[in-house]
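One file, structure.cif, is given below (mmCIF, C-alpha atoms).
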```cif
data_upload
loop_
_atom_site.label_atom_id
_atom_site.label_comp_id
_atom_site.auth_asym_id
_atom_site.auth_seq_id
_atom_site.Cartn_x
_atom_site.Cartn_y
_atom_site.Cartn_z
CA MET A 276 104.28 90.69 102.07
CA ALA A 277 101.02 92.62 101.95
CA PRO A 278 99.01 92.06 98.79
CA GLU A 279 98.20 94.97 96.49
CA THR A 280 94.57 94.90 97.51
CA THR A 281 95.21 96.03 101.07
CA ARG A 282 92.65 98.49 102.30
CA ARG A 283 94.28 101.54 103.78
CA ILE A 284 92.84 104.27 105.91
CA ALA A 285 94.03 107.59 107.26
CA ILE A 286 92.87 108.34 110.79
CA VAL A 287 92.61 112.05 111.51
CA PRO A 288 91.78 113.06 115.09
CA ALA A 289 90.45 116.62 115.14
CA PHE A 290 89.24 118.96 117.84
CA ASN A 291 87.77 122.21 116.53
CA GLU A 292 89.82 122.21 113.34
CA GLU A 293 87.25 123.57 110.89
CA ARG A 294 89.84 125.96 109.47
CA ASN A 295 92.57 123.36 108.97
CA ILE A 296 90.72 120.15 108.21
CA GLY A 297 89.43 120.94 104.72
CA ARG A 298 92.83 121.73 103.33
CA LEU A 299 94.38 118.73 105.07
CA LEU A 300 91.83 116.37 103.52
CA ASP A 301 92.42 117.89 100.09
CA GLU A 302 96.15 117.32 100.52
CA ILE A 303 95.63 113.72 101.61
CA ARG A 304 93.60 113.08 98.47
CA THR A 305 96.28 114.70 96.32
CA HIS A 306 99.21 112.82 97.80
CA ALA A 307 97.58 109.51 98.70
CA PRO A 308 94.42 108.98 96.65
CA ASP A 309 94.39 105.28 97.60
CA LEU A 310 93.63 106.15 101.23
CA GLU A 311 90.18 106.20 102.68
CA VAL A 312 89.89 108.78 105.44
CA VAL A 313 88.11 108.78 108.77
CA VAL A 314 88.03 111.98 110.78
CA VAL A 315 87.38 111.59 114.49
CA SER A 316 85.81 114.78 115.72
CA ASP A 317 86.68 114.82 119.40
CA GLY A 318 83.78 116.76 120.86
CA SER A 319 84.32 119.63 118.44
CA THR A 320 81.96 122.57 118.89
CA ASP A 321 82.65 124.04 115.47
CA ALA A 322 81.93 122.76 111.95
CA THR A 323 84.82 120.24 111.84
CA ALA A 324 82.50 117.30 111.13
CA GLU A 325 80.50 119.11 108.43
CA VAL A 326 83.62 120.37 106.65
CA ALA A 327 85.13 116.88 106.72
CA ARG A 328 81.95 115.25 105.40
CA GLY A 329 81.85 117.85 102.67
CA ARG A 330 85.25 116.61 101.50
CA GLY A 331 84.06 113.02 101.34
CA ALA A 332 85.68 111.75 104.51
CA ARG A 333 83.86 109.42 106.86
CA VAL A 334 83.38 111.16 110.16
CA VAL A 335 83.02 109.68 113.62
CA VAL A 336 81.63 112.24 116.03
CA LEU A 337 82.43 111.75 119.70
CA PRO A 338 79.70 113.15 121.95
CA PHE A 339 82.21 114.95 124.15
CA ASN A 340 85.94 115.56 124.26
CA LEU A 341 87.88 112.41 125.15
CA GLY A 342 91.37 113.80 124.62
CA ILE A 343 93.82 112.68 121.99
CA GLY A 344 94.19 109.10 123.25
CA GLY A 345 90.48 108.38 123.29
CA ALA A 346 89.99 110.04 119.91
CA VAL A 347 92.83 108.15 118.25
CA GLN A 348 91.64 104.87 119.74
CA THR A 349 88.19 105.52 118.28
CA GLY A 350 89.88 105.75 114.89
CA PHE A 351 91.71 102.46 115.42
CA ARG A 352 88.48 100.78 116.51
CA PHE A 353 86.85 102.07 113.35
CA ALA A 354 89.74 100.75 111.24
CA TRP A 355 89.62 97.40 113.02
CA GLU A 356 85.87 96.92 112.70
CA GLU A 357 85.82 98.02 109.07
CA GLY A 358 88.54 95.50 108.27
CA PHE A 359 91.35 97.80 107.19
CA ASP A 360 94.79 96.25 106.77
CA LEU A 361 96.78 99.40 107.25
CA ALA A 362 96.08 102.61 109.12
CA VAL A 363 98.06 105.80 109.18
CA ARG A 364 97.38 108.43 111.76
CA LEU A 365 97.94 112.10 111.14
CA ASP A 366 96.77 115.01 113.22
CA GLY A 367 93.93 117.31 112.20
CA ASP A 368 95.90 120.47 112.84
CA GLY A 369 97.97 119.99 109.69
CA GLN A 370 101.38 119.58 111.33
CA HIS A 371 101.81 116.20 109.67
CA ASP A 372 102.45 116.77 105.97
CA PRO A 373 100.39 114.51 103.69
CA ALA A 374 103.19 114.77 101.14
CA GLN A 375 105.13 112.46 103.48
CA LEU A 376 102.36 109.93 103.97
CA HIS A 377 103.97 107.35 101.76
CA ALA A 378 107.31 107.63 103.52
CA VAL A 379 105.53 106.57 106.72
CA ILE A 380 103.30 103.96 105.09
CA ASP A 381 105.94 102.21 102.98
CA PRO A 382 107.82 100.23 105.67
CA VAL A 383 104.53 98.85 107.01
CA ALA A 384 103.09 98.17 103.56
CA ALA A 385 106.30 96.32 102.68
CA GLY A 386 105.99 94.20 105.81
CA GLU A 387 109.25 95.51 107.26
CA ALA A 388 107.61 96.83 110.41
CA ASP A 389 104.34 96.59 112.31
CA ILE A 390 104.49 100.27 113.24
CA ALA A 391 106.38 103.01 111.41
CA ILE A 392 106.85 106.37 113.11
CA GLY A 393 107.56 109.64 111.35
CA SER A 394 110.48 111.08 113.29
CA ARG A 395 111.49 114.74 113.31
CA PHE A 396 114.95 113.94 114.53
CA ILE A 397 116.47 111.71 111.90
CA GLY A 398 117.39 112.84 108.43
CA GLU A 399 117.63 116.55 107.69
CA GLY A 400 114.97 117.30 110.33
CA GLY A 401 114.74 121.01 110.85
CA TYR A 402 112.26 120.77 113.71
CA ARG A 403 112.16 123.83 115.91
CA SER A 404 110.59 123.95 119.32
CA SER A 405 111.13 125.24 122.83
CA ALA A 406 114.23 123.97 124.65
CA ALA A 407 112.16 122.45 127.47
CA ARG A 408 110.12 120.50 125.01
CA ARG A 409 113.14 119.18 123.13
CA VAL A 410 114.80 118.07 126.36
CA GLY A 411 111.58 116.29 127.36
CA ILE A 412 111.29 114.55 124.01
CA GLY A 413 114.96 113.52 124.27
CA ILE A 414 114.52 112.00 127.72
CA LEU A 415 111.44 110.08 126.66
CA ALA A 416 113.23 108.82 123.56
CA ARG A 417 116.08 107.55 125.72
CA VAL A 418 113.77 105.76 128.15
CA VAL A 419 111.74 104.12 125.40
CA SER A 420 114.88 103.19 123.47
CA ARG A 421 116.05 101.30 126.51
CA VAL A 422 112.76 99.39 126.71
CA ALA A 423 112.85 98.81 122.96
CA ARG A 424 116.52 97.79 122.89
CA GLN A 425 116.68 99.80 119.68
CA ARG A 426 117.33 103.46 119.03
CA LEU A 427 114.17 105.52 118.78
CA THR A 428 114.39 109.28 118.44
CA ASP A 429 110.85 110.62 118.38
CA THR A 430 108.51 108.68 120.64
CA THR A 431 106.00 111.53 120.93
CA SER A 432 105.31 111.68 117.20
CA GLY A 433 101.69 111.01 116.30
CA PHE A 434 102.56 110.51 112.64
CA GLN A 435 102.42 106.70 112.56
CA ALA A 436 101.45 103.89 110.22
CA LEU A 437 100.23 100.54 111.58
CA ASN A 438 99.46 97.15 110.14
CA ARG A 439 96.42 95.13 111.15
CA ARG A 440 98.10 93.47 114.08
CA ALA A 441 99.08 96.84 115.55
CA ILE A 442 95.63 98.27 114.78
CA GLY A 443 94.08 95.41 116.77
CA LEU A 444 96.35 96.04 119.73
CA TYR A 445 95.68 99.80 119.77
CA ALA A 446 91.94 99.29 119.23
CA ALA A 447 91.81 96.96 122.21
CA GLU A 448 93.91 98.86 124.70
CA LEU A 449 95.51 102.09 123.68
CA PRO A 450 96.47 104.06 126.77
CA HIS A 451 94.27 107.13 126.90
CA ASP A 452 96.42 109.84 128.33
CA TYR A 453 99.63 109.59 126.35
CA PRO A 454 98.90 107.34 123.42
CA GLU A 455 102.15 107.89 121.56
CA VAL A 456 104.76 107.04 124.16
CA GLU A 457 102.77 104.60 126.25
CA GLY A 458 101.26 102.95 123.20
CA LEU A 459 104.70 102.44 121.77
CA VAL A 460 106.01 100.83 124.96
CA MET A 461 102.96 98.56 124.98
CA ALA A 462 103.48 97.61 121.34
CA LEU A 463 107.15 96.85 121.93
CA ARG A 464 106.31 94.66 124.89
CA HIS A 465 103.90 92.75 122.68
CA GLY A 466 106.80 92.07 120.38
CA LEU A 467 105.73 94.36 117.55
CA ARG A 468 108.44 95.63 115.23
CA VAL A 469 108.80 99.39 115.24
CA CYS A 470 110.82 101.53 112.86
CA GLU A 471 111.30 105.23 112.29
CA VAL A 472 111.38 107.18 109.08
CA PRO A 473 112.51 110.79 108.73
CA VAL A 474 109.79 113.40 108.29
CA THR A 475 109.56 117.15 108.69
CA MET A 476 106.66 118.65 110.54
CA ARG A 477 104.92 121.86 109.71
CA GLU A 478 103.84 124.77 111.85
CA ARG A 479 100.18 124.91 112.69
CA GLU A 480 98.16 126.96 110.25
CA HIS A 481 95.58 128.24 112.72
CA GLY A 482 95.15 128.09 116.46
CA ARG A 483 97.45 126.80 119.14
CA SER A 484 98.85 123.38 119.87
CA SER A 485 97.20 121.51 122.71
CA ILE A 486 100.49 121.36 124.64
CA SER A 487 102.07 124.59 125.88
CA ALA A 488 105.69 124.92 126.99
CA LEU A 489 105.08 124.67 130.72
CA ALA A 490 102.54 121.89 130.30
CA SER A 491 105.16 119.85 128.46
CA VAL A 492 107.18 119.43 131.68
CA TYR A 493 104.07 118.22 133.48
CA TYR A 494 103.31 116.00 130.49
CA MET A 495 106.76 114.44 130.60
CA ILE A 496 106.62 113.61 134.29
CA LYS A 497 103.24 111.96 133.85
CA VAL A 498 104.36 110.02 130.80
CA LEU A 499 107.45 108.77 132.59
CA LEU A 500 105.29 107.62 135.49
CA ALA A 501 102.90 105.88 133.10
CA VAL A 502 105.73 104.17 131.21
CA PHE A 503 107.37 103.09 134.45
CA VAL A 504 104.13 101.60 135.76
CA ASP A 505 103.54 99.87 132.44
CA LEU A 506 106.76 97.92 132.91
CA PHE A 507 105.24 96.22 135.93
CA ARG A 508 102.09 95.16 134.14
CA PRO A 509 101.71 91.71 132.67
CA VAL A 510 101.55 91.65 128.90
CA ARG A 511 97.94 90.83 128.16
CA GLY A 512 96.84 88.80 125.20
CA HIS A 513 94.90 90.58 122.50
CA ARG A 514 93.01 89.91 119.31
CA GLU A 515 95.35 88.67 116.63
CA ASP A 516 92.77 87.19 114.30
CA VAL A 517 92.43 88.98 110.98
CA MET B 273 92.75 107.50 180.08
CA THR B 274 90.44 109.18 177.58
CA PRO B 275 88.41 111.95 179.20
CA LEU B 276 84.80 110.85 179.62
CA LYS B 277 83.42 113.90 177.77
CA VAL B 278 85.62 113.13 174.77
CA SER B 279 84.37 109.55 174.74
CA ILE B 280 80.73 110.58 174.90
CA ALA B 281 81.08 113.22 172.17
CA ALA B 282 83.06 110.88 169.89
CA THR B 283 80.60 108.03 170.39
CA PHE B 284 77.71 110.36 169.64
CA VAL B 285 79.29 111.60 166.39
CA ALA B 286 80.25 108.08 165.29
CA VAL B 287 76.72 106.80 165.92
CA LEU B 288 75.35 109.76 163.93
CA LEU B 289 77.68 108.80 161.06
CA LEU B 290 76.45 105.20 161.20
CA LEU B 291 72.81 106.23 161.25
CA GLY B 292 73.41 108.69 158.40
CA VAL B 293 75.00 105.99 156.26
CA LEU B 294 72.20 103.53 157.04
CA GLU B 295 69.58 106.14 156.13
CA LEU B 296 71.34 106.85 152.81
CA ILE B 297 71.29 103.12 152.03
CA ARG B 298 67.65 102.78 153.08
CA SER B 299 66.55 105.65 150.85
CA ARG B 300 68.62 104.19 147.96
CA ARG B 301 70.85 107.22 147.67
CA LEU B 302 73.92 105.12 148.46
CA HIS B 303 74.59 101.69 146.98
CA GLU B 304 75.59 98.99 149.42
CA ARG B 305 78.84 98.35 147.55
CA TYR B 306 79.95 101.93 148.19
CA ALA B 307 78.59 102.01 151.73
CA LEU B 308 80.58 99.08 153.15
CA LEU B 309 83.71 101.13 153.83
CA TRP B 310 81.65 103.88 155.44
CA LEU B 311 79.87 101.37 157.67
CA ALA B 312 83.20 99.88 158.69
CA THR B 313 84.48 103.37 159.46
CA GLY B 314 81.46 104.16 161.62
CA LEU B 315 81.60 100.84 163.46
CA VAL B 316 85.30 101.06 164.28
CA LEU B 317 84.92 104.62 165.48
CA VAL B 318 81.94 103.75 167.67
CA VAL B 319 83.81 100.87 169.27
CA LEU B 320 87.00 102.84 169.88
CA ALA B 321 85.11 105.88 171.18
CA ALA B 322 82.82 103.98 173.56
CA TRP B 323 85.26 101.35 174.78
CA ARG B 324 87.60 103.59 176.76
CA GLY B 325 89.73 100.77 178.16
CA GLY B 326 90.31 99.36 174.70
CA LEU B 327 91.37 102.69 173.25
CA ASN B 328 93.75 103.12 176.16
CA THR B 329 95.30 99.70 175.55
CA ILE B 330 95.74 100.32 171.84
CA ALA B 331 97.27 103.73 172.55
CA GLY B 332 99.67 101.95 174.91
CA TRP B 333 100.72 99.49 172.16
CA LEU B 334 101.36 102.40 169.81
CA GLY B 335 103.35 104.31 172.40
CA VAL B 336 100.80 107.13 172.63
CA ARG B 337 100.95 107.94 176.34
CA SER B 338 99.98 111.57 176.68
CA TYR B 339 96.61 111.62 174.94
CA PRO B 340 94.89 108.33 173.94
CA PRO B 341 92.12 110.03 171.85
CA ALA B 342 94.86 110.84 169.30
CA VAL B 343 94.44 107.20 168.24
CA LEU B 344 90.83 108.00 167.38
CA PHE B 345 91.99 110.73 165.00
CA ALA B 346 94.58 108.44 163.48
CA VAL B 347 92.10 105.61 162.89
CA GLY B 348 89.48 108.02 161.56
CA LEU B 349 92.00 109.55 159.18
CA LEU B 350 93.14 106.12 158.01
CA PHE B 351 89.59 105.14 157.11
CA VAL B 352 88.94 108.43 155.32
CA ILE B 353 92.06 107.80 153.23
CA LEU B 354 90.82 104.28 152.43
CA VAL B 355 87.43 105.61 151.39
CA LEU B 356 89.00 108.27 149.15
CA LEU B 357 91.34 105.74 147.57
CA HIS B 358 88.40 103.46 146.94
CA TYR B 359 86.54 106.30 145.26
CA SER B 360 89.54 107.10 143.08
CA THR B 361 89.43 103.55 141.75
CA VAL B 362 85.69 103.86 141.21
CA ILE B 363 86.14 107.14 139.31
CA SER B 364 88.87 105.58 137.18
CA ARG B 365 86.63 102.69 136.28
CA LEU B 366 83.73 105.00 135.49
CA THR B 367 86.01 107.11 133.30
CA ASP B 368 87.03 104.04 131.30
CA GLU B 369 83.47 102.85 130.95
CA ASN B 370 82.31 106.32 129.97
CA MET B 371 85.00 106.60 127.31
CA ASN B 372 84.09 103.18 125.98
CA LEU B 373 80.44 104.16 125.73
CA ALA B 374 81.24 107.42 123.96
CA GLN B 375 83.40 105.57 121.42
CA ARG B 376 80.78 102.89 120.82
CA LEU B 377 78.05 105.49 120.42
CA ALA B 378 80.14 107.50 117.94
CA LEU B 379 81.04 104.41 115.90
CA LEU B 380 77.43 103.23 115.79
CA GLU B 381 76.16 106.67 114.80
CA GLU B 382 78.59 106.69 111.91
CA LYS B 383 77.38 103.25 110.81
CA VAL B 384 73.73 104.31 110.96
CA ARG B 385 74.53 107.44 108.99
CA GLU B 386 76.37 105.45 106.31
CA ARG B 387 73.38 103.14 105.96
CA ASP B 388 70.87 105.95 105.41
#
```

Can the structure from this file be put into structure tokens for me?
Amino acid sequence: MAPETTRRIAIVPAFNEERNIGRLLDEIRTHAPDLEVVVVSDGSTDATAEVARGRGARVVVLPFNLGIGGAVQTGFRFAWEEGFDLAVRLDGDGQHDPAQLHAVIDPVAAGEADIAIGSRFIGEGGYRSSAARRVGIGILARVVSRVARQRLTDTTSGFQALNRRAIGLYAAELPHDYPEVEGLVMALRHGLRVCEVPVTMREREHGRSSISALASVYYMIKVLLAVFVDLFRPVRGHREDV
Amino acid sequence: MTPLKVSIAATFVAVLLLLGVLELIRSRRLHERYALLWLATGLVLVVLAAWRGGLNTIAGWLGVRSYPPAVLFAVGLLFVILVLLHYSTVISRLTDENMNLAQRLALLEEKVRERD
């Protein structure tokens, strides 16, 4: 059981989200005032970092765009080095609703899982997306479920909470291209316990998602390749000290 | 048998390649660790181009009867593929190292900023 004094941090990767980030940080403070927040500005060319600092978040500014995997890993490295016991990741575009933060955090805080994933496909759901994208997500879920030997529905969800052991693993070697799916497979192979909790995701407030409909097919093929290759890699040891 | 003109031209080009690679190393524009494959490529091509009997024999082993110099193309292509593959691994490593550096820099900058 985690003690009450656990230090918790929200990791928010953001690329040019000056219009969304302020409101998101306000919402995080409203719904989860116990969370410290680190925003990882992934080579943003707008005022993302300034807006985030203005709201009291700590901000790590990457000198150029690393992509989502590199940005998220920066956040986990920050959480690891600063000694946080629990990290929850939510995206800077506002699609992950801070009102549901505690639903994602609770299983990890209670010690029931090392990683808890907010899934759009269990519970009432209500997630709408292109058909191609849903099929892709379904195929990935099936493949990962087989590796996991447990049913997982939403392996591409970036709305995740992690305990210190999982933070250490992701800080050390989070795959860079497809951190959600590949990272999950890696975590499962390291024997981490993963669970899903139902969440609903919101539409973006401003701007477009980084993955378009056609790109999602390309994305899926590459992820499947990456996951397949991962299965033939030895499971490397990693830092487990606290 | 390989036509004499083909042999002379191929040997000439392969020697040029070798000299070019050596000059790049000498002037420090090419590191030795990345030049080894190029040197091997040049050497093999020089040998196969100049040693007409040898190329003929190898072509015979491979069942290439009509035009032995085809083996030269095949060997040259094989080495180019090896070099490219080698560079892909180098680029991958550089990408990882670059990402690592960017992350470290960003984390350190944040720490310095917090301290001020």

Find the residues of chain A in contact range of chain B, meaning any atom within 6 Å when counting all atoms listed in the file, and list them as a PDB file with C-alpha atoms, in the coordinates of the input.
```
ATOM      1  CA  VAL A 335      83.020 109.680 113.620  1.00  0.00           C
ATOM      2  CA  VAL A 336      81.630 112.240 116.030  1.00  0.00           C
ATOM      3  CA  LEU A 337      82.430 111.750 119.700  1.00  0.00           C
ATOM      4  CA  THR A 349      88.190 105.520 118.280  1.00  0.00           C
TER       5      THR A 349
END
```

Top pick for closest residue to Gly325 in chain B, considering B:Thr274, B:Val384, B:Arg300, B:Val352 and counting all atoms listed in the file: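 When distances to Gly325 in chain B are compared using all atoms listed in the file, the smallest one comes from B:Thr274.
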
Counting all atoms listed in the file, select every polymer residue within 10 Å of (94.0, 121.2, 104.2) as defined in the file's coordinates, and provide the selection as a PyMOL selection string. chain A and resi 293-304+367-369+372-373+480

Exactly which residues make up the result of the PyMOL selection byres ((chain A and resi 308-322) around 8) on this file, given as number ranges by chain? A: 282-293, 303-307, 323-327, 332-343, 346-347, 349-350

Quote the spacing between CA of Leu311 in chain B and CA of Leu290 in chain B in Å to one decimal place. 6.2 Å

Go through the shown structure with the PyMOL selection byres ((chain A and resi 427-441) around 7) and write out the matching residues as an mmCIF file with C-alpha atoms, in the coordinates of the input.
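To be explicit, this is the file written out as expr-v2.cif:
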```cif
data_model
loop_
_atom_site.group_PDB
_atom_site.id
_atom_site.type_symbol
_atom_site.label_atom_id
_atom_site.label_comp_id
_atom_site.auth_asym_id
_atom_site.auth_seq_id
_atom_site.Cartn_x
_atom_site.Cartn_y
_atom_site.Cartn_z
ATOM 1 C CA PHE A 359 91.350 97.800 107.190
ATOM 2 C CA ASP A 360 94.790 96.250 106.770
ATOM 3 C CA LEU A 361 96.780 99.400 107.250
ATOM 4 C CA ALA A 362 96.080 102.610 109.120
ATOM 5 C CA VAL A 363 98.060 105.800 109.180
ATOM 6 C CA ARG A 364 97.380 108.430 111.760
ATOM 7 C CA LEU A 365 97.940 112.100 111.140
ATOM 8 C CA HIS A 371 101.810 116.200 109.670
ATOM 9 C CA VAL A 379 105.530 106.570 106.720
ATOM 10 C CA ILE A 380 103.300 103.960 105.090
ATOM 11 C CA VAL A 383 104.530 98.850 107.010
ATOM 12 C CA ASP A 389 104.340 96.590 112.310
ATOM 13 C CA ILE A 390 104.490 100.270 113.240
ATOM 14 C CA ALA A 391 106.380 103.010 111.410
ATOM 15 C CA ILE A 392 106.850 106.370 113.110
ATOM 16 C CA GLY A 393 107.560 109.640 111.350
ATOM 17 C CA SER A 394 110.480 111.080 113.290
ATOM 18 C CA ARG A 395 111.490 114.740 113.310
ATOM 19 C CA PHE A 396 114.950 113.940 114.530
ATOM 20 C CA ILE A 412 111.290 114.550 124.010
ATOM 21 C CA LEU A 415 111.440 110.080 126.660
ATOM 22 C CA ALA A 416 113.230 108.820 123.560
ATOM 23 C CA SER A 420 114.880 103.190 123.470
ATOM 24 C CA GLN A 425 116.680 99.800 119.680
ATOM 25 C CA ARG A 426 117.330 103.460 119.030
ATOM 26 C CA ILE A 442 95.630 98.270 114.780
ATOM 27 C CA GLY A 443 94.080 95.410 116.770
ATOM 28 C CA LEU A 444 96.350 96.040 119.730
ATOM 29 C CA TYR A 445 95.680 99.800 119.770
ATOM 30 C CA GLU A 455 102.150 107.890 121.560
ATOM 31 C CA VAL A 456 104.760 107.040 124.160
ATOM 32 C CA GLU A 515 95.350 88.670 116.630
#
```

Taking the file as shown, what set of residues would the PyMOL selection byres ((chain B and resi 276) around 12) give back, as a list in words?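 Applied to this file, the PyMOL selection byres ((chain B and resi 276) around 12) returns Met273, Thr274, Pro275, Lys277, Val278, Ser279, Ile280, Ala281, Ala282, Thr283, Ala321, Ala322, Trp323, Arg324, Gly325, Pro340 and Pro341 of chain B.
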
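With CA of Tyr493 in chain A on one side and CA of Gly411 in chain A on the other, the separation reads 9.9 Å.
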
So how many Å separate CA of Val498 in chain A and CA of Asp452 in chain A, to one decimal? 8.3 Å

Neighbouring residues of Ile297 in chain B were defined as those with any atom within 9 Å, considering only C-alpha atoms; residues of the same chain fewer than 6 positions away were excluded. Please report them as a list in words. His303, Glu304 and Ala307 of chain B

Residues at most 8 Å from Leu449 in chain A, counting all atoms listed in the file, excluding those fewer than 6 positions away in the same chain, as a ChimeraX atom specification? /A:344,348,458

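If all atoms listed in the file are the atoms counted, then among A:Tyr453, A:Val418, A:Cys470, A:Gly331 the closest residue to Ala501 in chain A is A:Tyr453.
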
Return the single residue from B:Leu354, B:Gly332, B:Leu302, B:Gly314 that is closest to Phe284 in chain B, with distances computed using all atoms listed in the file.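 Closest to Phe284 in chain B of all the choices is B:Gly314.
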
Hey, which of B:Thr329, B:Arg337, B:Leu317, B:Trp310 ends up closest to Leu296 in chain B? Count all atoms listed in the file.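 Between B:Thr329, B:Arg337, B:Leu317, B:Trp310, the residue approaching Leu296 in chain B most closely is B:Trp310.
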
Within 10 Å of (90.7, 107.8, 167.4) (file coordinates; only C-alpha atoms), which protein or nucleic acid residues are there? I'd like them as a PyMOL selection string. chain B and resi 279+282+316-321+327+331+340-350
